[in-house]
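Asker: Provided below: upload.cif, containing mmCIF, C-alpha atoms and all ligand atoms.
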data_upload
loop_
_atom_site.label_atom_id
_atom_site.label_comp_id
_atom_site.auth_asym_id
_atom_site.auth_seq_id
_atom_site.Cartn_x
_atom_site.Cartn_y
_atom_site.Cartn_z
CA MET A 993 -22.73 -2.38 -17.80
CA LYS A 994 -19.49 -4.32 -17.40
CA ASN A 995 -16.79 -2.28 -15.69
CA THR A 996 -13.41 -2.26 -17.40
CA VAL A 997 -10.10 -0.43 -17.22
CA SER A 998 -11.95 2.46 -18.94
CA THR A 999 -14.31 2.70 -15.95
CA PHE A 1000 -11.26 3.20 -13.71
CA LYS A 1001 -9.76 5.80 -16.09
CA LYS A 1002 -13.03 7.77 -16.30
CA ALA A 1003 -13.53 7.64 -12.52
CA LYS A 1004 -10.10 9.23 -12.01
CA GLU A 1005 -10.80 11.92 -14.64
CA ASN A 1006 -14.21 12.70 -13.13
CA LYS A 1007 -12.98 12.50 -9.52
CA GLN A 1008 -15.51 9.73 -8.77
CA LYS A 1009 -14.52 7.36 -5.97
CA LEU A 1010 -14.04 3.71 -6.93
CA THR A 1011 -15.25 0.87 -4.72
CA MET A 1012 -13.59 -2.52 -4.53
CA LEU A 1013 -14.22 -5.46 -2.17
CA THR A 1014 -12.66 -8.87 -2.00
CA ALA A 1015 -14.70 -11.99 -2.75
CA TYR A 1016 -13.66 -15.59 -3.19
CA ASP A 1017 -16.78 -17.45 -4.35
CA TYR A 1018 -19.76 -17.25 -6.71
CA SER A 1019 -22.57 -16.40 -4.24
CA THR A 1020 -20.67 -13.64 -2.47
CA ALA A 1021 -19.52 -12.16 -5.78
CA LYS A 1022 -23.13 -12.12 -6.98
CA LEU A 1023 -24.28 -10.29 -3.82
CA PHE A 1024 -21.55 -7.65 -4.14
CA ASP A 1025 -22.15 -7.28 -7.86
CA ASP A 1026 -25.91 -6.82 -7.27
CA ALA A 1027 -25.09 -4.20 -4.62
CA GLY A 1028 -23.13 -2.28 -7.26
CA VAL A 1029 -19.47 -2.49 -6.24
CA ASP A 1030 -17.20 -1.31 -9.10
CA SER A 1031 -14.64 -4.07 -8.78
CA ILE A 1032 -14.14 -7.39 -6.99
CA LEU A 1033 -10.68 -8.45 -5.92
CA VAL A 1034 -9.97 -12.15 -5.59
CA GLY A 1035 -7.19 -11.36 -3.15
CA ASP A 1036 -4.53 -13.79 -2.03
CA SER A 1037 -5.90 -12.78 1.40
CA LEU A 1038 -7.95 -15.92 0.73
CA GLY A 1039 -4.93 -17.61 2.30
CA ASN A 1040 -5.91 -15.96 5.60
CA VAL A 1041 -9.69 -15.68 5.52
CA ILE A 1042 -10.65 -18.78 3.49
CA LEU A 1043 -7.81 -21.25 3.98
CA GLY A 1044 -6.78 -20.25 7.52
CA TYR A 1045 -3.05 -19.74 6.89
CA GLU A 1046 -1.28 -17.11 8.99
CA ASP A 1047 0.05 -15.34 5.88
CA THR A 1048 -0.46 -15.37 2.10
CA LEU A 1049 2.75 -17.17 1.16
CA SER A 1050 1.31 -20.67 0.72
CA VAL A 1051 -1.42 -19.59 -1.70
CA THR A 1052 -0.98 -21.32 -5.08
CA MET A 1053 -1.86 -20.55 -8.68
CA GLU A 1054 -4.44 -23.35 -8.49
CA ASP A 1055 -6.08 -21.65 -5.45
CA MET A 1056 -6.29 -18.32 -7.30
CA ILE A 1057 -7.68 -19.87 -10.48
CA HIS A 1058 -10.20 -22.01 -8.56
CA HIS A 1059 -11.60 -19.01 -6.67
CA GLY A 1060 -11.11 -16.55 -9.55
CA VAL A 1061 -13.30 -18.48 -11.95
CA ALA A 1062 -16.06 -18.85 -9.33
CA VAL A 1063 -16.07 -15.10 -8.68
CA SER A 1064 -16.00 -14.32 -12.40
CA ARG A 1065 -19.17 -16.37 -12.88
CA GLY A 1066 -20.93 -14.31 -10.20
CA ALA A 1067 -19.73 -10.84 -11.26
CA LYS A 1068 -21.85 -9.51 -14.12
CA ASN A 1069 -20.75 -5.88 -13.91
CA ALA A 1070 -17.86 -5.62 -11.47
CA LEU A 1071 -14.33 -5.78 -12.87
CA VAL A 1072 -12.75 -8.93 -11.45
CA VAL A 1073 -9.10 -8.51 -10.44
CA VAL A 1074 -7.23 -11.67 -9.40
CA ASP A 1075 -4.05 -11.59 -7.31
CA MET A 1076 -0.91 -13.26 -8.60
CA PRO A 1077 0.28 -15.45 -5.71
CA PHE A 1078 3.72 -15.40 -4.08
CA MET A 1079 6.48 -16.62 -6.42
CA SER A 1080 4.23 -16.76 -9.50
CA TYR A 1081 5.84 -13.58 -10.92
CA GLN A 1082 8.89 -12.63 -8.82
CA THR A 1083 11.00 -15.46 -10.31
CA SER A 1084 11.14 -14.16 -13.91
CA VAL A 1085 9.36 -12.14 -16.57
CA TYR A 1086 8.59 -15.43 -18.33
CA ASP A 1087 6.88 -16.87 -15.23
CA ALA A 1088 4.95 -13.63 -14.72
CA VAL A 1089 3.55 -13.61 -18.27
CA TYR A 1090 2.83 -17.34 -18.24
CA ASN A 1091 0.99 -17.20 -14.88
CA ALA A 1092 -0.88 -13.97 -15.67
CA GLY A 1093 -2.05 -15.72 -18.85
CA ARG A 1094 -3.32 -18.69 -16.85
CA ILE A 1095 -5.23 -16.40 -14.49
CA MET A 1096 -6.92 -14.74 -17.47
CA LYS A 1097 -7.61 -17.95 -19.45
CA GLU A 1098 -8.51 -20.35 -16.65
CA GLY A 1099 -9.54 -17.90 -13.93
CA ARG A 1100 -11.55 -15.69 -16.36
CA ALA A 1101 -10.18 -12.56 -14.65
CA GLY A 1102 -10.51 -9.05 -16.07
CA ALA A 1103 -7.12 -8.02 -14.66
CA VAL A 1104 -4.32 -9.30 -12.45
CA LYS A 1105 -2.72 -7.65 -9.42
CA LEU A 1106 0.86 -8.06 -8.26
CA GLU A 1107 2.89 -6.63 -5.41
CA GLY A 1108 6.02 -4.50 -5.60
CA GLY A 1109 7.60 -1.40 -7.16
CA ALA A 1110 10.58 -0.86 -9.48
CA VAL A 1111 11.76 -4.45 -9.01
CA VAL A 1112 8.65 -5.93 -10.68
CA CYS A 1113 8.27 -3.27 -13.39
CA PRO A 1114 9.74 -5.51 -16.13
CA GLN A 1115 7.00 -8.02 -15.23
CA ILE A 1116 4.25 -5.35 -15.26
CA LYS A 1117 5.48 -4.09 -18.65
CA ALA A 1118 5.62 -7.56 -20.20
CA ILE A 1119 2.19 -8.58 -18.89
CA THR A 1120 0.50 -5.37 -20.07
CA GLU A 1121 2.20 -5.72 -23.48
CA CYS A 1122 0.37 -9.05 -23.80
CA GLY A 1123 -2.93 -7.20 -23.40
CA ILE A 1124 -3.47 -8.17 -19.76
CA PRO A 1125 -4.46 -5.25 -17.49
CA VAL A 1126 -2.36 -4.99 -14.33
CA VAL A 1127 -3.07 -3.43 -10.93
CA GLY A 1128 0.05 -2.62 -8.88
CA HIS A 1129 0.25 -2.95 -5.09
CA LEU A 1130 2.57 -0.79 -2.95
CA GLY A 1131 3.14 0.03 0.70
CA LEU A 1132 2.54 -2.94 2.98
CA THR A 1133 2.80 -5.78 0.48
CA PRO A 1134 1.84 -8.88 2.52
CA GLN A 1135 3.88 -11.29 0.38
CA SER A 1136 6.99 -9.51 1.78
CA VAL A 1137 5.90 -9.81 5.42
CA ASN A 1138 9.09 -11.67 6.34
CA ALA A 1139 11.29 -8.96 4.82
CA PHE A 1140 9.28 -6.24 6.62
CA GLY A 1141 9.51 -8.09 9.94
CA GLY A 1142 5.74 -7.97 10.43
CA TYR A 1143 2.65 -6.15 9.18
CA LYS A 1144 3.72 -2.50 9.61
CA VAL A 1145 2.72 0.86 8.18
CA GLN A 1146 5.12 1.71 5.31
CA GLY A 1147 6.55 5.03 4.08
CA ARG A 1148 6.75 6.69 7.50
CA ASP A 1149 10.17 8.39 7.16
CA ASP A 1150 11.26 10.74 4.37
CA ASP A 1151 13.44 8.22 2.54
CA ALA A 1152 10.79 5.51 2.60
CA ALA A 1153 8.17 8.02 1.45
CA GLU A 1154 10.39 9.13 -1.47
CA ARG A 1155 10.94 5.50 -2.46
CA LEU A 1156 7.20 4.85 -2.41
CA ILE A 1157 6.47 7.90 -4.57
CA ASP A 1158 9.18 6.81 -7.00
CA ASP A 1159 7.84 3.24 -7.10
CA ALA A 1160 4.32 4.53 -7.76
CA HIS A 1161 5.54 6.50 -10.78
CA LYS A 1162 7.50 3.52 -12.08
CA VAL A 1163 4.51 1.18 -11.72
CA GLU A 1164 2.40 3.66 -13.69
CA GLU A 1165 5.09 4.05 -16.38
CA ALA A 1166 5.36 0.24 -16.65
CA GLY A 1167 1.68 0.15 -17.67
CA ALA A 1168 -0.41 -0.55 -14.55
CA PHE A 1169 -3.92 0.93 -14.87
CA ALA A 1170 -4.40 1.29 -11.07
CA VAL A 1171 -2.39 0.80 -7.91
CA VAL A 1172 -3.40 -0.40 -4.45
CA LEU A 1173 -1.78 1.53 -1.58
CA GLU A 1174 -1.84 -0.52 1.61
CA CYS A 1175 -1.03 0.83 5.11
CA VAL A 1176 0.50 4.10 4.00
CA PRO A 1177 0.18 7.40 5.91
CA ALA A 1178 -2.84 9.31 4.59
CA ARG A 1179 -0.83 12.39 3.52
CA LEU A 1180 1.66 10.31 1.55
CA ALA A 1181 -1.17 8.39 -0.16
CA GLU A 1182 -2.79 11.70 -1.08
CA THR A 1183 0.47 12.99 -2.57
CA ILE A 1184 0.84 9.82 -4.65
CA THR A 1185 -2.81 10.08 -5.73
CA ASN A 1186 -2.30 13.68 -6.89
CA GLU A 1187 0.91 12.86 -8.76
CA LEU A 1188 -0.37 9.79 -10.65
CA SER A 1189 -2.75 9.79 -13.59
CA ILE A 1190 -3.93 6.24 -12.76
CA PRO A 1191 -6.33 5.68 -9.82
CA THR A 1192 -5.02 4.73 -6.39
CA ILE A 1193 -7.11 2.25 -4.37
CA GLY A 1194 -6.44 2.60 -0.67
CA ILE A 1195 -6.62 0.14 2.20
CA GLY A 1196 -5.44 1.78 5.38
CA ALA A 1197 -4.24 4.71 3.27
CA GLY A 1198 -6.74 7.43 4.15
CA LYS A 1199 -9.50 9.18 2.28
CA GLY A 1200 -7.30 10.94 -0.28
CA CYS A 1201 -7.11 7.85 -2.52
CA ASP A 1202 -9.23 7.56 -5.67
CA GLY A 1203 -10.94 4.46 -4.32
CA GLN A 1204 -11.09 2.05 -1.40
CA VAL A 1205 -10.80 -1.71 -0.96
CA LEU A 1206 -11.51 -3.89 2.06
CA VAL A 1207 -11.44 -7.60 2.79
CA TYR A 1208 -15.14 -8.41 3.07
CA GLN A 1209 -14.88 -10.65 6.14
CA ASP A 1210 -13.30 -7.68 7.94
CA MET A 1211 -15.95 -5.13 6.98
CA LEU A 1212 -18.81 -7.56 7.70
CA GLY A 1213 -17.51 -8.75 11.08
CA MET A 1214 -16.87 -12.30 9.91
CA PHE A 1215 -13.17 -12.60 10.80
CA SER A 1216 -11.86 -11.94 14.26
CA ASP A 1217 -8.36 -13.50 14.33
CA TYR A 1218 -7.01 -9.91 14.15
CA THR A 1219 -8.50 -6.56 13.12
CA PRO A 1220 -6.26 -3.85 11.67
CA LYS A 1221 -6.92 -0.23 12.73
CA PHE A 1222 -8.15 0.70 9.24
CA VAL A 1223 -11.04 -1.78 9.28
CA LYS A 1224 -14.52 -0.35 9.77
CA ARG A 1225 -17.25 -2.86 10.56
CA PHE A 1226 -20.23 -2.03 8.36
CA ALA A 1227 -22.31 -4.95 9.72
CA ASN A 1228 -21.96 -7.79 12.20
CA VAL A 1229 -22.76 -10.68 9.90
CA GLY A 1230 -20.59 -13.03 11.98
CA GLU A 1231 -22.95 -12.61 14.95
CA THR A 1232 -26.03 -12.98 12.70
CA ILE A 1233 -24.62 -16.27 11.35
CA LYS A 1234 -23.91 -17.56 14.86
CA GLU A 1235 -27.43 -16.64 16.05
CA ALA A 1236 -28.99 -18.42 13.05
CA VAL A 1237 -26.85 -21.52 13.61
CA ARG A 1238 -27.76 -21.58 17.33
CA LEU A 1239 -31.46 -21.38 16.39
CA TYR A 1240 -31.02 -24.19 13.83
CA ILE A 1241 -29.32 -26.40 16.44
CA LYS A 1242 -32.11 -25.69 18.94
CA GLU A 1243 -34.94 -26.36 16.47
CA VAL A 1244 -33.36 -29.63 15.26
CA SER A 1245 -32.67 -30.72 18.86
CA ASP A 1246 -36.24 -29.85 19.95
CA GLY A 1247 -37.78 -31.62 16.95
CA LEU A 1248 -39.23 -28.36 15.57
CA PHE A 1249 -37.35 -28.50 12.27
CA PRO A 1250 -38.22 -29.81 9.76
CA ASP A 1251 -41.94 -29.14 10.22
CA ASP A 1252 -44.78 -29.99 7.77
CA GLU A 1253 -44.12 -26.84 5.72
CA HIS A 1254 -40.57 -27.97 4.99
CA SER A 1255 -41.31 -31.65 4.35
CA TYR A 1256 -42.56 -33.59 1.30
O1 LIG B 1 -5.22 -9.94 -0.94
C1 LIG B 1 -5.93 -8.96 -0.73
O2 LIG B 1 -7.07 -9.03 -0.25
C2 LIG B 1 -5.37 -7.64 -1.04
C3 LIG B 1 -6.06 -6.47 -0.44
C4 LIG B 1 -5.72 -6.38 1.00
C5 LIG B 1 -5.73 -5.22 -1.17
O3 LIG B 1 -4.39 -7.56 -1.70
#
Go ahead and express the file in the form of structure tokens.
Answerer:
Amino acid sequence: MKNTVSTFKKAKENKQKLTMLTAYDYSTAKLFDDAGVDSILVGDSLGNVILGYEDTLSVTMEDMIHHGVAVSRGAKNALVVVDMPFMSYQTSVYDAVYNAGRIMKEGRAGAVKLEGGAVVCPQIKAITECGIPVVGHLGLTPQSVNAFGGYKVQGRDDDAAERLIDDAHKVEEAGAFAVVLECVPARLAETITNELSIPTIGIGAGKGCDGQVLVYQDMLGMFSDYTPKFVKRFANVGETIKEAVRLYIKEVSDGLFPDDEHSY
């Protein structure tokens, strides 16, 4: 059955953990959907893991739509959430609604995600009023890496923690149906989770969140440029790929592939 915003609402009510993974193409989305993940995030992390940029700032609307529509074709049941890229919503409420609309129409998303607290609440409100479900994103918001001075845990001191709690409430009041908490101390994330009636999806935010999200290349050992502390490697697919490629090279070089079985 297709997961929707109602799936997220029910999961929170029934205290069932939600699972979300990133994906950026049709085949991977199909694998994750078959495996039963609740939601697939077409994250602007594609800037890092697919396009090889050092941050997410150069990711465009065209990138998000191109990958979003591919993932949407592969996800039968998972709710597909597509990130709004840097400067597609910060500039004005008009831009935010226009670009969220493009992501839904052209990218065939089920929801959009955007980063920020009180400052982007007018955008969240306007987008949701158009009937487009919104996921918020608080804590370490990678599009603000230059303002943060690096990728750092957020909400560590009392003032910052208060601001985060306040932002979380404002994002909920503005109409978001879920909120990602990234790189936030576990106790703070748990407090936010208990105070909100919408689900929190954690990444580096401890086990108290209502759900978890990871970048799939991280959890499958396919990306080694850097590995944050919160990443757990559930498999070493990167090594499996390298072994298979080495074997392919050897068999082609030795004249063993293609053999009769794989020839016409
Ligand atoms: O872009 C992304 O993959 C994300 C996750 C890290 C939550 O926003």
Asker: Counting all atoms listed in the file, name the residues that have an atom within 6 Å of an atom of ligand LIG 1 (chain B); the answer should be given as a list of chain:residue names.
Answerer: A:Thr1014, A:Gly1035, A:Asp1036, A:Ser1037, A:Val1207
Asker: Near A:Gly1167, counting all atoms listed in the file, which residues have an atom at most 12 Å away, once you skip same-chain residues fewer than 6 positions from it, shown as a list in words?
Answerer: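 So the residues in contact are Val997, Val1112, Cys1113, Pro1114, Gln1115, Ile1116, Lys1117, Ala1118, Ile1119, Thr1120, Glu1121, Cys1122, Gly1123, Ile1124, Pro1125, Val1126, Val1127, Gly1128, Ala1160, His1161, Ser1189 and Ile1190 of chain A.
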Asker: Residues at most 10 Å from A:Thr1133, counting all atoms listed in the file, excluding those fewer than 3 positions away in the same chain, as a ChimeraX atom specification?
Answerer: /A:1106-1108,1129-1130,1136-1137,1140,1143-1144,1146,1172-1175
Asker: Show me, as a tab-separated table, the residues of stretch 1030-1060 of chain A having an atom within 10 Å of stretch 1217-1224 of chain A, each with the closest atom pair and its distance in Å, using only C-alpha atoms.
Answerer:
residue	atom	partner	partner_atom	distance
A:Asn1040	CA	A:Asp1217	CA	9.4
A:Val1041	CA	A:Asp1217	CA	9.2
A:Gly1044	CA	A:Asp1217	CA	9.7
A:Glu1046	CA	A:Asp1217	CA	9.6
Asker: Output as AutoDock Vina command-line options the centre and edge lengths (Å, one decimal) of the box along x, y and z of the file that holds every listed atom of stretch 1144-1152 of chain A after adding 8 Å on each side.
Answerer:
--center_x 8.1 --center_y 4.1 --center_z 6.1 --size_x 26.7 --size_y 29.2 --size_z 23.1
Asker: Using only C-alpha atoms, determine which residues lie at most 7 Å from A:Gly1213, disregarding the query and same-chain residues fewer than 3 positions distant; provide the list as a PyMOL selection string.
Answerer: chain A and resi 1209-1210+1225+1227-1230
Asker: In Å to one decimal, how far is atom CA of A:Lys1004 from atom CA of A:Asp1159?
Answerer: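 Between atom CA of A:Asp1159 and atom CA of A:Lys1004 the gap is 19.5 Å.
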Asker: In terms of the shortest atom-to-atom distance over only C-alpha atoms, which of A:Ala1015, A:Val1073, A:Val1089, A:Ser1255 is closest to A:Phe1169?
Answerer: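 Checking each of A:Ala1015, A:Val1073, A:Val1089, A:Ser1255 against A:Phe1169, counting only C-alpha atoms, the winner is A:Val1073.
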Asker: Excluding same-chain residues fewer than 3 positions from A:Ala1021, what lies within 7 Å of it counting all atoms listed in the file, as an mmCIF file with C-alpha atoms, keeping the file's coordinate frame?
Answerer:
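Okay, selection-v7.cif is ready:
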data_model
loop_
_atom_site.group_PDB
_atom_site.id
_atom_site.type_symbol
_atom_site.label_atom_id
_atom_site.label_comp_id
_atom_site.auth_asym_id
_atom_site.auth_seq_id
_atom_site.Cartn_x
_atom_site.Cartn_y
_atom_site.Cartn_z
ATOM 1 C CA ALA A 1015 -14.700 -11.990 -2.750
ATOM 2 C CA ASP A 1017 -16.780 -17.450 -4.350
ATOM 3 C CA TYR A 1018 -19.760 -17.250 -6.710
ATOM 4 C CA PHE A 1024 -21.550 -7.650 -4.140
ATOM 5 C CA ASP A 1025 -22.150 -7.280 -7.860
ATOM 6 C CA VAL A 1063 -16.070 -15.100 -8.680
ATOM 7 C CA GLY A 1066 -20.930 -14.310 -10.200
ATOM 8 C CA ALA A 1067 -19.730 -10.840 -11.260
#
Asker: Which value, in Å to one decimal, gives the distance between atom CA of A:Gln1135 and atom CA of A:Met1079?
Answerer: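 Going from atom CA of A:Gln1135 over to atom CA of A:Met1079, I get 9.0 Å.
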Asker: Between atom CA of A:Ile1184 and atom CA of A:Lys1007, measure the distance and give it in Å to one decimal.
Answerer: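 Those two atoms sit 14.9 Å apart.
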Asker: Determine the nearest neighbour of A:Ser1019 from the options A:His1059, A:Asp1251, A:Gly1093, A:Glu1243, counting all atoms listed in the file.
Answerer: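 The closest residue to A:Ser1019 is A:His1059.
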Asker: Counting only C-alpha atoms, figure out which residue out of A:Ile1233, A:Val1061, A:Val1176, A:Ala1181 gets nearest to A:Gly1196.
Answerer: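 Closest candidate: A:Val1176.
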Asker: Determine, counting all atoms listed in the file, every residue of protein, DNA or RNA that lies within 7 Å of (-11.8, 0.9, -4.9) in the file coordinates, then give the result as number ranges by chain.
Answerer: A: 1010-1012, 1031, 1193, 1203-1205
Asker: Once you have the residues from the selection above, write them out as a PDB file, keeping the file's coordinate frame, restricted to C-alpha atoms.
Answerer:
ATOM      1  CA  LEU A1010     -14.040   3.710  -6.930  1.00  0.00           C
ATOM      2  CA  THR A1011     -15.250   0.870  -4.720  1.00  0.00           C
ATOM      3  CA  MET A1012     -13.590  -2.520  -4.530  1.00  0.00           C
ATOM      4  CA  SER A1031     -14.640  -4.070  -8.780  1.00  0.00           C
ATOM      5  CA  ILE A1193      -7.110   2.250  -4.370  1.00  0.00           C
ATOM      6  CA  GLY A1203     -10.940   4.460  -4.320  1.00  0.00           C
ATOM      7  CA  GLN A1204     -11.090   2.050  -1.400  1.00  0.00           C
ATOM      8  CA  VAL A1205     -10.800  -1.710  -0.960  1.00  0.00           C
TER       9      VAL A1205
END
Asker: From the set A:Ala1152, A:Ile1195, A:Leu1023, A:Met1211, which residue has the shortest atom-to-atom contact distance to A:Val1171, counting all atoms listed in the file?
Answerer: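 The answer is A:Ile1195, which sits nearest to A:Val1171.
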Asker: Which residue out of A:Lys994, A:Lys1242, A:His1058, A:Arg1094 has the minimum interatomic distance to A:Val1072 when all atoms listed in the file are used?
Answerer: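 Answer, going by the shortest atom-to-atom distance: A:Lys994.
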Asker: Rebuild stretch 1140-1157 of chain A to N, CA and C atoms - output it as a PDB file, in the coordinates of the input, please.
Answerer:
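The new file result_19.pdb reads:
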ATOM      1  N   PHE A1140       9.677  -7.419   5.823  1.00  0.00           N
ATOM      2  CA  PHE A1140       9.280  -6.240   6.620  1.00  0.00           C
ATOM      3  C   PHE A1140       9.411  -6.487   8.120  1.00  0.00           C
ATOM      4  N   GLY A1141       9.471  -7.755   8.510  1.00  0.00           N
ATOM      5  CA  GLY A1141       9.510  -8.090   9.940  1.00  0.00           C
ATOM      6  C   GLY A1141       8.148  -7.878  10.600  1.00  0.00           C
ATOM      7  N   GLY A1142       7.094  -8.096   9.859  1.00  0.00           N
ATOM      8  CA  GLY A1142       5.740  -7.970  10.430  1.00  0.00           C
ATOM      9  C   GLY A1142       4.872  -7.059   9.569  1.00  0.00           C
ATOM     10  N   TYR A1143       3.602  -6.987   9.930  1.00  0.00           N
ATOM     11  CA  TYR A1143       2.650  -6.150   9.180  1.00  0.00           C
ATOM     12  C   TYR A1143       2.700  -4.732   9.742  1.00  0.00           C
ATOM     13  N   LYS A1144       3.472  -3.846   9.082  1.00  0.00           N
ATOM     14  CA  LYS A1144       3.720  -2.500   9.610  1.00  0.00           C
ATOM     15  C   LYS A1144       3.358  -1.441   8.579  1.00  0.00           C
ATOM     16  N   VAL A1145       2.970  -0.273   9.068  1.00  0.00           N
ATOM     17  CA  VAL A1145       2.720   0.860   8.180  1.00  0.00           C
ATOM     18  C   VAL A1145       4.027   1.184   7.437  1.00  0.00           C
ATOM     19  N   GLN A1146       3.934   1.443   6.135  1.00  0.00           N
ATOM     20  CA  GLN A1146       5.120   1.710   5.310  1.00  0.00           C
ATOM     21  C   GLN A1146       5.184   3.199   4.928  1.00  0.00           C
ATOM     22  N   GLY A1147       6.377   3.656   4.579  1.00  0.00           N
ATOM     23  CA  GLY A1147       6.550   5.030   4.080  1.00  0.00           C
ATOM     24  C   GLY A1147       6.486   6.083   5.167  1.00  0.00           C
ATOM     25  N   ARG A1148       6.878   5.734   6.384  1.00  0.00           N
ATOM     26  CA  ARG A1148       6.750   6.690   7.500  1.00  0.00           C
ATOM     27  C   ARG A1148       7.855   7.749   7.487  1.00  0.00           C
ATOM     28  N   ASP A1149       9.118   7.348   7.170  1.00  0.00           N
ATOM     29  CA  ASP A1149      10.170   8.390   7.160  1.00  0.00           C
ATOM     30  C   ASP A1149      10.366   8.924   5.744  1.00  0.00           C
ATOM     31  N   ASP A1150      11.130  10.026   5.651  1.00  0.00           N
ATOM     32  CA  ASP A1150      11.260  10.740   4.370  1.00  0.00           C
ATOM     33  C   ASP A1150      11.800   9.862   3.248  1.00  0.00           C
ATOM     34  N   ASP A1151      12.837   9.070   3.573  1.00  0.00           N
ATOM     35  CA  ASP A1151      13.440   8.220   2.540  1.00  0.00           C
ATOM     36  C   ASP A1151      12.447   7.187   2.026  1.00  0.00           C
ATOM     37  N   ALA A1152      11.764   6.549   2.978  1.00  0.00           N
ATOM     38  CA  ALA A1152      10.790   5.510   2.600  1.00  0.00           C
ATOM     39  C   ALA A1152       9.657   6.130   1.791  1.00  0.00           C
ATOM     40  N   ALA A1153       9.255   7.339   2.175  1.00  0.00           N
ATOM     41  CA  ALA A1153       8.170   8.020   1.450  1.00  0.00           C
ATOM     42  C   ALA A1153       8.618   8.340   0.024  1.00  0.00           C
ATOM     43  N   GLU A1154       9.848   8.823  -0.132  1.00  0.00           N
ATOM     44  CA  GLU A1154      10.390   9.130  -1.470  1.00  0.00           C
ATOM     45  C   GLU A1154      10.415   7.882  -2.341  1.00  0.00           C
ATOM     46  N   ARG A1155      10.872   6.776  -1.712  1.00  0.00           N
ATOM     47  CA  ARG A1155      10.940   5.500  -2.460  1.00  0.00           C
ATOM     48  C   ARG A1155       9.561   5.064  -2.932  1.00  0.00           C
ATOM     49  N   LEU A1156       8.571   5.251  -2.044  1.00  0.00           N
ATOM     50  CA  LEU A1156       7.200   4.850  -2.410  1.00  0.00           C
ATOM     51  C   LEU A1156       6.666   5.696  -3.564  1.00  0.00           C
ATOM     52  N   ILE A1157       6.944   7.009  -3.496  1.00  0.00           N
ATOM     53  CA  ILE A1157       6.470   7.900  -4.570  1.00  0.00           C
ATOM     54  C   ILE A1157       7.130   7.493  -5.899  1.00  0.00           C
TER      55      ILE A1157
END
